[in-house]
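**Student:** Dropping in input12.pdb, with PDB, C-alpha atoms and all ligand atoms.
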MODEL        1
ATOM      1  CA  MET V   1     -11.334   5.532 -12.123  1.00  0.00           C
ATOM      2  CA  VAL V   2     -13.910   7.741 -13.820  1.00  0.00           C
ATOM      3  CA  LYS V   3     -17.397   7.610 -12.243  1.00  0.00           C
ATOM      4  CA  LYS V   4     -20.577   7.197 -14.274  1.00  0.00           C
ATOM      5  CA  LEU V   5     -23.175   9.869 -13.485  1.00  0.00           C
ATOM      6  CA  GLU V   6     -26.674  10.610 -14.853  1.00  0.00           C
ATOM      7  CA  LEU V   7     -28.036   9.482 -18.219  1.00  0.00           C
ATOM      8  CA  LEU V   8     -27.642  12.318 -20.694  1.00  0.00           C
ATOM      9  CA  TYR V   9     -29.236  10.785 -23.777  1.00  0.00           C
ATOM     10  CA  GLU V  10     -30.566   7.456 -24.979  1.00  0.00           C
ATOM     11  CA  GLY V  11     -30.388   6.740 -28.703  1.00  0.00           C
ATOM     12  CA  LYS V  12     -31.432   3.757 -30.789  1.00  0.00           C
ATOM     13  CA  ALA V  13     -28.172   1.860 -30.230  1.00  0.00           C
ATOM     14  CA  LYS V  14     -26.406   3.624 -27.361  1.00  0.00           C
ATOM     15  CA  LYS V  15     -26.852   5.265 -23.969  1.00  0.00           C
ATOM     16  CA  VAL V  16     -24.738   8.292 -23.101  1.00  0.00           C
ATOM     17  CA  TYR V  17     -23.927   9.175 -19.481  1.00  0.00           C
ATOM     18  CA  MET V  18     -22.214  12.132 -17.847  1.00  0.00           C
ATOM     19  CA  THR V  19     -19.103  11.386 -15.787  1.00  0.00           C
ATOM     20  CA  ASP V  20     -17.343  13.097 -12.881  1.00  0.00           C
ATOM     21  CA  GLU V  21     -14.629  14.210 -15.324  1.00  0.00           C
ATOM     22  CA  GLU V  22     -14.991  17.373 -17.357  1.00  0.00           C
ATOM     23  CA  ASN V  23     -15.618  16.729 -21.057  1.00  0.00           C
ATOM     24  CA  VAL V  24     -15.655  12.939 -20.680  1.00  0.00           C
ATOM     25  CA  LEU V  25     -18.773  10.890 -21.523  1.00  0.00           C
ATOM     26  CA  TRP V  26     -19.542   7.247 -20.736  1.00  0.00           C
ATOM     27  CA  ILE V  27     -21.104   5.319 -23.665  1.00  0.00           C
ATOM     28  CA  GLU V  28     -22.980   2.061 -23.301  1.00  0.00           C
ATOM     29  CA  TYR V  29     -23.695   0.053 -26.467  1.00  0.00           C
ATOM     30  CA  LYS V  30     -27.135  -1.596 -26.420  1.00  0.00           C
ATOM     31  CA  ASP V  31     -28.282  -4.926 -27.856  1.00  0.00           C
ATOM     32  CA  SER V  32     -30.953  -3.247 -29.956  1.00  0.00           C
ATOM     33  CA  ALA V  33     -31.052  -3.122 -33.743  1.00  0.00           C
ATOM     34  CA  THR V  34     -33.200  -0.667 -35.676  1.00  0.00           C
ATOM     35  CA  ALA V  35     -33.599   0.089 -39.372  1.00  0.00           C
ATOM     36  CA  PHE V  36     -35.709   2.258 -41.679  1.00  0.00           C
ATOM     37  CA  ASN V  37     -35.776   5.181 -39.239  1.00  0.00           C
ATOM     38  CA  GLY V  38     -36.863   2.960 -36.325  1.00  0.00           C
ATOM     39  CA  GLU V  39     -39.679   1.144 -38.205  1.00  0.00           C
ATOM     40  CA  LYS V  40     -37.952  -2.244 -37.863  1.00  0.00           C
ATOM     41  CA  LYS V  41     -36.708  -3.141 -34.381  1.00  0.00           C
ATOM     42  CA  ALA V  42     -35.186  -6.149 -32.619  1.00  0.00           C
ATOM     43  CA  THR V  43     -33.061  -7.093 -29.641  1.00  0.00           C
ATOM     44  CA  ILE V  44     -29.954  -9.006 -30.700  1.00  0.00           C
ATOM     45  CA  ALA V  45     -27.920 -10.583 -27.900  1.00  0.00           C
ATOM     46  CA  GLY V  46     -24.242  -9.688 -28.158  1.00  0.00           C
ATOM     47  CA  LYS V  47     -24.672  -6.789 -30.592  1.00  0.00           C
ATOM     48  CA  GLY V  48     -23.702  -4.166 -28.001  1.00  0.00           C
ATOM     49  CA  ARG V  49     -20.471  -5.995 -27.182  1.00  0.00           C
ATOM     50  CA  LEU V  50     -19.604  -6.513 -30.865  1.00  0.00           C
ATOM     51  CA  ASN V  51     -20.143  -2.881 -31.851  1.00  0.00           C
ATOM     52  CA  ASN V  52     -18.267  -1.607 -28.799  1.00  0.00           C
ATOM     53  CA  GLU V  53     -15.309  -3.905 -29.546  1.00  0.00           C
ATOM     54  CA  ILE V  54     -15.263  -3.120 -33.280  1.00  0.00           C
ATOM     55  CA  THR V  55     -15.687   0.652 -32.824  1.00  0.00           C
ATOM     56  CA  SER V  56     -12.928   0.680 -30.182  1.00  0.00           C
ATOM     57  CA  LEU V  57     -10.561  -1.191 -32.510  1.00  0.00           C
ATOM     58  CA  LEU V  58     -11.296   1.068 -35.482  1.00  0.00           C
ATOM     59  CA  PHE V  59     -11.067   4.340 -33.557  1.00  0.00           C
ATOM     60  CA  SER V  60      -7.730   3.237 -32.004  1.00  0.00           C
ATOM     61  CA  LYS V  61      -6.470   2.348 -35.472  1.00  0.00           C
ATOM     62  CA  LEU V  62      -7.553   5.756 -36.819  1.00  0.00           C
ATOM     63  CA  HIS V  63      -5.945   7.512 -33.852  1.00  0.00           C
ATOM     64  CA  SER V  64      -2.596   5.780 -34.579  1.00  0.00           C
ATOM     65  CA  ALA V  65      -2.976   6.851 -38.211  1.00  0.00           C
ATOM     66  CA  GLY V  66      -3.277  10.496 -37.104  1.00  0.00           C
ATOM     67  CA  ILE V  67      -7.055  10.983 -37.250  1.00  0.00           C
ATOM     68  CA  ASP V  68      -8.224  12.969 -34.222  1.00  0.00           C
ATOM     69  CA  ASN V  69     -11.299  11.322 -32.726  1.00  0.00           C
ATOM     70  CA  HIS V  70     -13.411  11.271 -29.593  1.00  0.00           C
ATOM     71  CA  PHE V  71     -12.451   7.749 -28.425  1.00  0.00           C
ATOM     72  CA  ILE V  72     -10.576   7.599 -25.102  1.00  0.00           C
ATOM     73  CA  GLN V  73     -10.728   3.961 -23.994  1.00  0.00           C
ATOM     74  CA  LYS V  74     -12.822   0.821 -23.791  1.00  0.00           C
ATOM     75  CA  ILE V  75     -13.813   0.205 -20.176  1.00  0.00           C
ATOM     76  CA  SER V  76     -15.859  -2.994 -20.459  1.00  0.00           C
ATOM     77  CA  GLU V  77     -17.252  -5.327 -23.112  1.00  0.00           C
ATOM     78  CA  THR V  78     -20.109  -2.925 -23.839  1.00  0.00           C
ATOM     79  CA  GLU V  79     -18.816   0.427 -22.573  1.00  0.00           C
ATOM     80  CA  GLN V  80     -16.294   3.069 -23.572  1.00  0.00           C
ATOM     81  CA  LEU V  81     -15.197   6.550 -22.528  1.00  0.00           C
ATOM     82  CA  VAL V  82     -15.209   9.321 -25.116  1.00  0.00           C
ATOM     83  CA  LYS V  83     -14.393  13.003 -25.304  1.00  0.00           C
ATOM     84  CA  LYS V  84     -17.484  15.188 -25.071  1.00  0.00           C
ATOM     85  CA  VAL V  85     -18.179  16.960 -28.370  1.00  0.00           C
ATOM     86  CA  THR V  86     -21.063  18.972 -29.771  1.00  0.00           C
ATOM     87  CA  ILE V  87     -22.270  16.804 -32.635  1.00  0.00           C
ATOM     88  CA  ILE V  88     -22.722  18.496 -36.024  1.00  0.00           C
ATOM     89  CA  PRO V  89     -26.158  17.239 -37.215  1.00  0.00           C
ATOM     90  CA  LEU V  90     -24.752  15.874 -40.476  1.00  0.00           C
ATOM     91  CA  GLU V  91     -24.223  12.290 -41.549  1.00  0.00           C
ATOM     92  CA  VAL V  92     -21.185  12.164 -43.799  1.00  0.00           C
ATOM     93  CA  VAL V  93     -21.480   9.122 -46.071  1.00  0.00           C
ATOM     94  CA  VAL V  94     -18.500   7.884 -48.101  1.00  0.00           C
ATOM     95  CA  ARG V  95     -19.079   5.368 -50.897  1.00  0.00           C
ATOM     96  CA  ASN V  96     -16.567   3.272 -52.826  1.00  0.00           C
ATOM     97  CA  TYR V  97     -19.177   1.041 -54.482  1.00  0.00           C
ATOM     98  CA  VAL V  98     -22.827   1.605 -55.336  1.00  0.00           C
ATOM     99  CA  ALA V  99     -25.230   0.156 -52.748  1.00  0.00           C
ATOM    100  CA  GLY V 100     -28.303   0.947 -50.675  1.00  0.00           C
ATOM    101  CA  SER V 101     -29.947   4.321 -51.235  1.00  0.00           C
ATOM    102  CA  LEU V 102     -27.492   5.285 -54.010  1.00  0.00           C
ATOM    103  CA  ALA V 103     -28.404   2.166 -56.028  1.00  0.00           C
ATOM    104  CA  LYS V 104     -32.067   3.155 -55.680  1.00  0.00           C
ATOM    105  CA  ARG V 105     -31.561   6.850 -56.441  1.00  0.00           C
ATOM    106  CA  LEU V 106     -29.419   6.365 -59.553  1.00  0.00           C
ATOM    107  CA  GLY V 107     -30.721   2.997 -60.764  1.00  0.00           C
ATOM    108  CA  ILE V 108     -27.218   1.497 -60.838  1.00  0.00           C
ATOM    109  CA  ALA V 109     -26.645  -2.117 -59.736  1.00  0.00           C
ATOM    110  CA  GLU V 110     -25.370  -2.729 -56.196  1.00  0.00           C
ATOM    111  CA  GLY V 111     -21.692  -3.613 -56.193  1.00  0.00           C
ATOM    112  CA  THR V 112     -20.760  -1.380 -59.144  1.00  0.00           C
ATOM    113  CA  SER V 113     -17.429   0.240 -58.273  1.00  0.00           C
ATOM    114  CA  LEU V 114     -17.121   4.028 -58.307  1.00  0.00           C
ATOM    115  CA  GLU V 115     -14.162   5.614 -60.094  1.00  0.00           C
ATOM    116  CA  LYS V 116     -13.502   7.800 -57.069  1.00  0.00           C
ATOM    117  CA  PRO V 117     -15.035   7.888 -53.596  1.00  0.00           C
ATOM    118  CA  LEU V 118     -18.350   9.729 -53.426  1.00  0.00           C
ATOM    119  CA  ILE V 119     -19.093  11.888 -50.384  1.00  0.00           C
ATOM    120  CA  GLU V 120     -22.688  12.722 -49.475  1.00  0.00           C
ATOM    121  CA  PHE V 121     -24.182  14.717 -46.611  1.00  0.00           C
ATOM    122  CA  TYR V 122     -27.463  13.816 -44.937  1.00  0.00           C
ATOM    123  CA  TYR V 123     -29.352  15.899 -42.364  1.00  0.00           C
ATOM    124  CA  LYS V 124     -29.473  14.092 -39.009  1.00  0.00           C
ATOM    125  CA  ASN V 125     -33.155  14.695 -38.405  1.00  0.00           C
ATOM    126  CA  ASP V 126     -35.501  11.791 -37.614  1.00  0.00           C
ATOM    127  CA  GLU V 127     -38.644  13.880 -38.239  1.00  0.00           C
ATOM    128  CA  LEU V 128     -37.527  14.625 -41.804  1.00  0.00           C
ATOM    129  CA  GLY V 129     -36.169  11.084 -42.339  1.00  0.00           C
ATOM    130  CA  ASP V 130     -32.498  12.170 -42.666  1.00  0.00           C
ATOM    131  CA  PRO V 131     -32.732  13.798 -46.140  1.00  0.00           C
ATOM    132  CA  LEU V 132     -29.807  14.116 -48.566  1.00  0.00           C
ATOM    133  CA  LEU V 133     -28.385  17.661 -48.479  1.00  0.00           C
ATOM    134  CA  LEU V 134     -26.640  19.769 -51.097  1.00  0.00           C
ATOM    135  CA  GLU V 135     -23.890  22.040 -49.785  1.00  0.00           C
ATOM    136  CA  ASP V 136     -26.201  25.026 -50.374  1.00  0.00           C
ATOM    137  CA  HIS V 137     -28.804  23.347 -48.139  1.00  0.00           C
ATOM    138  CA  ILE V 138     -26.160  22.997 -45.423  1.00  0.00           C
ATOM    139  CA  ALA V 139     -25.518  26.741 -45.738  1.00  0.00           C
ATOM    140  CA  ILE V 140     -29.244  27.597 -45.545  1.00  0.00           C
ATOM    141  CA  LEU V 141     -29.584  25.438 -42.432  1.00  0.00           C
ATOM    142  CA  LYS V 142     -26.342  26.983 -41.060  1.00  0.00           C
ATOM    143  CA  LEU V 143     -25.076  23.518 -40.106  1.00  0.00           C
ATOM    144  CA  ALA V 144     -21.499  24.174 -41.271  1.00  0.00           C
ATOM    145  CA  THR V 145     -19.516  26.809 -43.148  1.00  0.00           C
ATOM    146  CA  SER V 146     -17.932  26.006 -46.519  1.00  0.00           C
ATOM    147  CA  GLU V 147     -14.523  25.868 -44.774  1.00  0.00           C
ATOM    148  CA  GLN V 148     -15.904  23.354 -42.273  1.00  0.00           C
ATOM    149  CA  ILE V 149     -17.448  21.302 -45.096  1.00  0.00           C
ATOM    150  CA  ALA V 150     -14.009  21.176 -46.742  1.00  0.00           C
ATOM    151  CA  VAL V 151     -12.499  19.905 -43.470  1.00  0.00           C
ATOM    152  CA  LEU V 152     -15.215  17.238 -43.145  1.00  0.00           C
ATOM    153  CA  LYS V 153     -14.548  16.038 -46.695  1.00  0.00           C
ATOM    154  CA  GLU V 154     -10.796  15.920 -46.140  1.00  0.00           C
ATOM    155  CA  TYR V 155     -11.253  13.894 -42.932  1.00  0.00           C
ATOM    156  CA  ALA V 156     -13.790  11.593 -44.604  1.00  0.00           C
ATOM    157  CA  LEU V 157     -11.426  10.786 -47.490  1.00  0.00           C
ATOM    158  CA  LYS V 158      -8.506  10.148 -45.111  1.00  0.00           C
ATOM    159  CA  VAL V 159     -10.649   7.835 -42.966  1.00  0.00           C
ATOM    160  CA  ASN V 160     -11.751   6.067 -46.142  1.00  0.00           C
ATOM    161  CA  GLU V 161      -8.140   5.471 -47.247  1.00  0.00           C
ATOM    162  CA  ILE V 162      -7.109   4.094 -43.866  1.00  0.00           C
ATOM    163  CA  LEU V 163     -10.172   1.893 -43.355  1.00  0.00           C
ATOM    164  CA  THR V 164     -10.261   0.594 -46.947  1.00  0.00           C
ATOM    165  CA  GLN V 165      -6.680  -0.643 -46.549  1.00  0.00           C
ATOM    166  CA  TYR V 166      -7.277  -2.018 -43.043  1.00  0.00           C
ATOM    167  CA  PHE V 167     -10.367  -3.988 -44.107  1.00  0.00           C
ATOM    168  CA  GLN V 168      -8.677  -5.144 -47.308  1.00  0.00           C
ATOM    169  CA  ASN V 169      -5.949  -6.747 -45.183  1.00  0.00           C
ATOM    170  CA  CYS V 170      -8.766  -8.672 -43.470  1.00  0.00           C
ATOM    171  CA  HIS V 171     -10.309  -9.755 -46.770  1.00  0.00           C
ATOM    172  CA  VAL V 172     -13.231  -7.373 -46.404  1.00  0.00           C
ATOM    173  CA  ARG V 173     -14.415  -4.830 -48.979  1.00  0.00           C
ATOM    174  CA  LEU V 174     -15.462  -1.468 -47.544  1.00  0.00           C
ATOM    175  CA  ILE V 175     -18.471  -0.614 -49.714  1.00  0.00           C
ATOM    176  CA  ASP V 176     -19.651   2.518 -47.898  1.00  0.00           C
ATOM    177  CA  PHE V 177     -19.908   4.003 -44.422  1.00  0.00           C
ATOM    178  CA  LYS V 178     -21.301   6.896 -42.393  1.00  0.00           C
ATOM    179  CA  LEU V 179     -19.310   9.247 -40.181  1.00  0.00           C
ATOM    180  CA  GLU V 180     -20.329  11.873 -37.658  1.00  0.00           C
ATOM    181  CA  PHE V 181     -18.236  14.773 -36.431  1.00  0.00           C
ATOM    182  CA  GLY V 182     -18.402  17.222 -33.552  1.00  0.00           C
ATOM    183  CA  PHE V 183     -16.696  20.256 -32.075  1.00  0.00           C
ATOM    184  CA  ASP V 184     -14.551  19.579 -28.998  1.00  0.00           C
ATOM    185  CA  ALA V 185     -14.118  21.958 -26.043  1.00  0.00           C
ATOM    186  CA  GLU V 186     -11.522  23.952 -28.045  1.00  0.00           C
ATOM    187  CA  GLY V 187     -13.848  24.209 -31.066  1.00  0.00           C
ATOM    188  CA  LYS V 188     -11.816  21.743 -33.118  1.00  0.00           C
ATOM    189  CA  ILE V 189     -13.622  19.362 -35.496  1.00  0.00           C
ATOM    190  CA  VAL V 190     -13.156  15.750 -34.354  1.00  0.00           C
ATOM    191  CA  LEU V 191     -14.485  12.433 -35.601  1.00  0.00           C
ATOM    192  CA  ALA V 192     -17.138  11.069 -33.213  1.00  0.00           C
ATOM    193  CA  ASP V 193     -20.006   8.561 -32.817  1.00  0.00           C
ATOM    194  CA  GLU V 194     -19.193   4.998 -33.932  1.00  0.00           C
ATOM    195  CA  ILE V 195     -17.764   3.035 -36.848  1.00  0.00           C
ATOM    196  CA  SER V 196     -19.134  -0.485 -36.831  1.00  0.00           C
ATOM    197  CA  PRO V 197     -21.055  -2.920 -39.047  1.00  0.00           C
ATOM    198  CA  ASP V 198     -24.102  -0.819 -38.078  1.00  0.00           C
ATOM    199  CA  THR V 199     -22.634   2.157 -39.938  1.00  0.00           C
ATOM    200  CA  CYS V 200     -20.607   0.485 -42.713  1.00  0.00           C
ATOM    201  CA  ARG V 201     -21.317  -1.926 -45.554  1.00  0.00           C
ATOM    202  CA  LEU V 202     -18.736  -4.698 -45.360  1.00  0.00           C
ATOM    203  CA  TRP V 203     -18.621  -7.488 -47.946  1.00  0.00           C
ATOM    204  CA  ASP V 204     -16.383 -10.520 -48.210  1.00  0.00           C
ATOM    205  CA  MET V 205     -13.713  -9.760 -50.799  1.00  0.00           C
ATOM    206  CA  GLU V 206     -14.393 -12.938 -52.832  1.00  0.00           C
ATOM    207  CA  THR V 207     -17.949 -14.073 -52.181  1.00  0.00           C
ATOM    208  CA  ASN V 208     -19.536 -10.624 -51.551  1.00  0.00           C
ATOM    209  CA  GLU V 209     -21.226 -12.119 -48.461  1.00  0.00           C
ATOM    210  CA  LYS V 210     -22.563  -9.268 -46.335  1.00  0.00           C
ATOM    211  CA  PHE V 211     -21.289  -8.809 -42.757  1.00  0.00           C
ATOM    212  CA  ASP V 212     -23.164  -5.615 -41.883  1.00  0.00           C
ATOM    213  CA  LYS V 213     -26.572  -4.241 -40.926  1.00  0.00           C
ATOM    214  CA  ASP V 214     -28.035  -5.191 -44.315  1.00  0.00           C
ATOM    215  CA  VAL V 215     -28.202  -8.715 -42.809  1.00  0.00           C
ATOM    216  CA  PHE V 216     -30.846  -7.288 -40.446  1.00  0.00           C
ATOM    217  CA  ARG V 217     -32.433  -4.825 -42.887  1.00  0.00           C
ATOM    218  CA  ARG V 218     -32.924  -7.537 -45.535  1.00  0.00           C
ATOM    219  CA  ASP V 219     -33.349 -10.617 -43.285  1.00  0.00           C
ATOM    220  CA  LEU V 220     -30.252 -12.331 -44.669  1.00  0.00           C
ATOM    221  CA  GLY V 221     -29.364 -14.350 -41.555  1.00  0.00           C
ATOM    222  CA  ASN V 222     -27.997 -13.930 -38.039  1.00  0.00           C
ATOM    223  CA  LEU V 223     -26.711 -10.412 -37.400  1.00  0.00           C
ATOM    224  CA  ALA V 224     -24.501 -11.238 -34.391  1.00  0.00           C
ATOM    225  CA  ASP V 225     -22.782 -14.035 -36.363  1.00  0.00           C
ATOM    226  CA  ALA V 226     -22.032 -11.594 -39.203  1.00  0.00           C
ATOM    227  CA  TYR V 227     -20.599  -8.950 -36.815  1.00  0.00           C
ATOM    228  CA  GLU V 228     -18.552 -11.669 -35.067  1.00  0.00           C
ATOM    229  CA  VAL V 229     -16.890 -12.475 -38.423  1.00  0.00           C
ATOM    230  CA  ILE V 230     -15.802  -8.823 -38.712  1.00  0.00           C
ATOM    231  CA  LEU V 231     -14.468  -8.743 -35.134  1.00  0.00           C
ATOM    232  CA  GLN V 232     -12.525 -11.991 -35.709  1.00  0.00           C
ATOM    233  CA  ARG V 233     -11.087 -10.802 -39.026  1.00  0.00           C
ATOM    234  CA  LEU V 234      -9.965  -7.536 -37.401  1.00  0.00           C
ATOM    235  CA  GLY V 235      -8.143  -9.690 -34.873  1.00  0.00           C
ATOM    236  CA  GLY V 236     -10.383  -8.788 -31.920  1.00  0.00           C
TER
HETATM  237  O1  LIG A   1     -28.762   3.753 -46.798  1.00  0.00           O
HETATM  238  P1  LIG A   1     -27.553   4.274 -47.490  1.00  0.00           P
HETATM  239  O2  LIG A   1     -27.157   3.468 -48.691  1.00  0.00           O
HETATM  240  O3  LIG A   1     -27.656   5.740 -47.801  1.00  0.00           O
HETATM  241  O4  LIG A   1     -26.374   4.125 -46.422  1.00  0.00           O
HETATM  242  C1  LIG A   1     -25.027   4.429 -46.740  1.00  0.00           C
HETATM  243  C2  LIG A   1     -24.121   3.984 -45.587  1.00  0.00           C
HETATM  244  O5  LIG A   1     -24.343   4.789 -44.438  1.00  0.00           O
HETATM  245  C3  LIG A   1     -24.377   2.545 -45.118  1.00  0.00           C
HETATM  246  O6  LIG A   1     -23.149   1.950 -44.733  1.00  0.00           O
HETATM  247  C4  LIG A   1     -25.271   2.708 -43.916  1.00  0.00           C
HETATM  248  O7  LIG A   1     -25.133   1.650 -42.991  1.00  0.00           O
HETATM  249  C5  LIG A   1     -24.773   4.008 -43.327  1.00  0.00           C
HETATM  250  N1  LIG A   1     -25.842   4.771 -42.646  1.00  0.00           N
HETATM  251  C6  LIG A   1     -25.818   4.879 -41.254  1.00  0.00           C
HETATM  252  N2  LIG A   1     -26.800   5.591 -40.610  1.00  0.00           N
HETATM  253  C7  LIG A   1     -27.788   6.182 -41.297  1.00  0.00           C
HETATM  254  C8  LIG A   1     -27.823   6.080 -42.704  1.00  0.00           C
HETATM  255  C9  LIG A   1     -26.832   5.363 -43.350  1.00  0.00           C
HETATM  256  O8  LIG A   1     -24.911   4.365 -40.605  1.00  0.00           O
HETATM  257  N3  LIG A   1     -28.711   6.867 -40.636  1.00  0.00           N
ENDMDL
END
Just give me the structure of the file as structure tokens.

**Tutor:**
Amino acid sequence: MVKKLELLYEGKAKKVYMTDEENVLWIEYKDSATAFNGEKKATIAGKGRLNNEITSLLFSKLHSAGIDNHFIQKISETEQLVKKVTIIPLEVVVRNYVAGSLAKRLGIAEGTSLEKPLIEFYYKNDELGDPLLLEDHIAILKLATSEQIAVLKEYALKVNEILTQYFQNCHVRLIDFKLEFGFDAEGKIVLADEISPDTCRLWDMETNEKFDKDVFRRDLGNLADAYEVILQRLGG
């Protein structure tokens, strides 16, 4: 059994610990919810368990579908082991429908479908408020080469295809989501972080009821109940 060692990093939703195994990290999902760059905060009982369960399910699914990712195994309701990677400070957002910041930026109604998936890059930088980046900005900041950007896009589109289908089978529409990537010990780009209702917009296929973090952002109801619906529909 892998041993948990010292705390390496504490984020808004997760704690990351070292382990006694090389290149293996121990992740603990917390019950905290934050939005608007940490301006809105709450503790939501059960959220850590739900996001750990859902992320574990989705990363296993992606692994079976041939998408290399950092997930190793779930070790408890709220904890998982992952491969250590050096995170690329980019948020890769994929959108199938207009919502959130895109609806605001372009003045198009939420829920409008996009003819093809849109990929956007945001700079993971709390001080700057995670700004939208053009590919030339990524080059100026030296965050990734154009070849690496092409790899990120290819991965993002593949993940989108797999997850769109998977959620569709569960009667859920994948509106948009955010991915993060890192370099593993061999320098290979791998999918990392989490994929959960914290990082996706997930709407009921018929009613458009929201089962994602917008429930918290917009005070639409009980967040844990919404995430539980997703876990149940995924068969967890
Ligand atoms: O806010 P925006 O519309 O740009 O978000 C697009 C998608 O990316 C949403 O699913 C949102 O939950 C996710 N996201 C995220 N973390 C961020 C910003 C956005 O998971 N820091």

**Student:** Determine the residue set returned by the PyMOL selection byres (((not hetatm)) within 9 of (chain A and resi 1)) for the present structure, and present it as a PyMOL selection string.

**Tutor:** chain V and resi 35-37+91-95+98-104+120+122+124+126+129-130+132+174-179+194-202+212-214

**Student:** What does the distance from atom CA of V:Val159 to atom CA of V:Ile27 come to in Å, to one decimal?

**Tutor:**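 Separation between atom CA of V:Val159 and atom CA of V:Ile27: 22.1 Å.
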
**Student:** Rank V:Gln80, V:Ser32, V:Thr207, V:Gln73 by their smallest atom-to-atom distance to V:Ser60, using only C-alpha atoms, and report the top residue only.

**Tutor:** V:Gln73

**Student:** Tell me, as a PyMOL selection string, which residues lie within 10 Å of V:Leu234, counting all atoms listed in the file; anything in the same chain fewer than 5 positions away does not count.

**Tutor:** chain V and resi 54+57-58+166-167+169-172+228-229

**Student:** Quote the spacing between atom CA of V:Met205 and atom CA of V:Gly66 in Å to one decimal place.

**Tutor:**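 Atom-to-atom, atom CA of V:Met205 to atom CA of V:Gly66, that is 26.6 Å.
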
**Student:** Nearest to V:Lys15 among V:Asn69, V:Gly236, V:Glu161, V:Asp193, with distances taken over all atoms listed in the file: which residue is it?

**Tutor:** V:Asp193

**Student:** Which residue out of V:Lys116, V:Lys83, V:Lys74, V:Lys47 has the minimum interatomic distance to V:Glu21 when only C-alpha atoms are used?

**Tutor:** V:Lys83

**Student:** Identify, on the basis of all atoms listed in the file, every residue whose closest approach to V:Lys158 does not exceed 10 Å; exclude the query and any residue fewer than 5 positions from it along the same chain; express the result as number ranges by chain.

**Tutor:** V: 62, 65-67, 152-153, 163-164

**Student:** Would you kindly translate the PyMOL selection byres (((chain V and resi 183-189) around 10) and not hetatm) into the concrete residues it picks from this file, as a ChimeraX atom specification?

**Tutor:** /V:22-23,68-70,83-88,148,151-152,155,181-182,190-192

**Student:** Spell out the residues picked by the PyMOL selection byres (((chain V and resi 111) around 7) and not hetatm) here, as an mmCIF file with C-alpha atoms, in the coordinates of the input.

**Tutor:**
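Contents of part-v6.cif, as written:
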data_model
loop_
_atom_site.group_PDB
_atom_site.id
_atom_site.type_symbol
_atom_site.label_atom_id
_atom_site.label_comp_id
_atom_site.auth_asym_id
_atom_site.auth_seq_id
_atom_site.Cartn_x
_atom_site.Cartn_y
_atom_site.Cartn_z
ATOM 1 C CA TYR V 97 -19.177 1.041 -54.482
ATOM 2 C CA VAL V 98 -22.827 1.605 -55.336
ATOM 3 C CA ALA V 99 -25.230 0.156 -52.748
ATOM 4 C CA ALA V 109 -26.645 -2.117 -59.736
ATOM 5 C CA GLU V 110 -25.370 -2.729 -56.196
ATOM 6 C CA THR V 112 -20.760 -1.380 -59.144
ATOM 7 C CA SER V 113 -17.429 0.240 -58.273
#

**Student:** May I have the protein, DNA and RNA residues with an atom at most 7 Å from (-19.4, 8.0, -12.0), counting all atoms listed in the file in the file's coordinates, returned as a list in words?

**Tutor:** Val2, Lys3, Lys4, Leu5, Thr19 and Asp20 of chain V

**Student:** Name the closest residue to V:Thr34 among the candidates V:Ile149, V:Met1, V:Val215, V:Leu128; distances are taken between atoms, counting all atoms listed in the file.

**Tutor:**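 The shortest atom-to-atom distance to V:Thr34 comes from V:Val215.
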
**Student:** Need the axis-aligned box for stretch 71-87 of chain V with 6 Å each side, so what are the centre and edges in Å to one decimal, as JSON?

**Tutor:**
{"center_x": -16.4, "center_y": 6.8, "center_z": -26.4, "size_x": 23.7, "size_y": 36.3, "size_z": 24.5}

**Student:** For V:Glu39, which residue out of V:Arg105, V:Arg217, V:Arg233, V:Arg173 is the nearest one, using only C-alpha atoms?

**Tutor:**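 For V:Glu39, the nearest of the given residues is V:Arg217.
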
**Student:** For stretch 39-47 of chain V, where the input has fewer atoms than it should, I would like N, CA and C atoms rebuilt and written as a short mmCIF file (atom, residue, chain, number, x, y, z; two decimals), keeping the file's coordinate frame.

**Tutor:**
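selection-v3.cif written:
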data_model
loop_
_atom_site.label_atom_id
_atom_site.label_comp_id
_atom_site.auth_asym_id
_atom_site.auth_seq_id
_atom_site.Cartn_x
_atom_site.Cartn_y
_atom_site.Cartn_z
N GLU V 39 -38.47 1.94 -37.88
CA GLU V 39 -39.68 1.14 -38.20
C GLU V 39 -39.48 -0.34 -37.91
N LYS V 40 -38.26 -0.83 -38.13
CA LYS V 40 -37.95 -2.24 -37.86
C LYS V 40 -37.06 -2.29 -36.63
N LYS V 41 -37.44 -3.11 -35.65
CA LYS V 41 -36.71 -3.14 -34.38
C LYS V 41 -36.51 -4.57 -33.92
N ALA V 42 -35.39 -4.83 -33.24
CA ALA V 42 -35.19 -6.15 -32.62
C ALA V 42 -34.12 -6.03 -31.54
N THR V 43 -34.14 -6.99 -30.62
CA THR V 43 -33.06 -7.09 -29.64
C THR V 43 -32.18 -8.24 -30.10
N ILE V 44 -30.87 -7.98 -30.21
CA ILE V 44 -29.95 -9.01 -30.70
C ILE V 44 -28.84 -9.18 -29.67
N ALA V 45 -28.88 -10.32 -28.97
CA ALA V 45 -27.92 -10.58 -27.90
C ALA V 45 -26.50 -10.51 -28.44
N GLY V 46 -25.65 -9.77 -27.77
CA GLY V 46 -24.24 -9.69 -28.16
C GLY V 46 -23.92 -8.53 -29.07
N LYS V 47 -24.94 -7.87 -29.63
CA LYS V 47 -24.67 -6.79 -30.59
C LYS V 47 -23.95 -5.60 -29.93
#
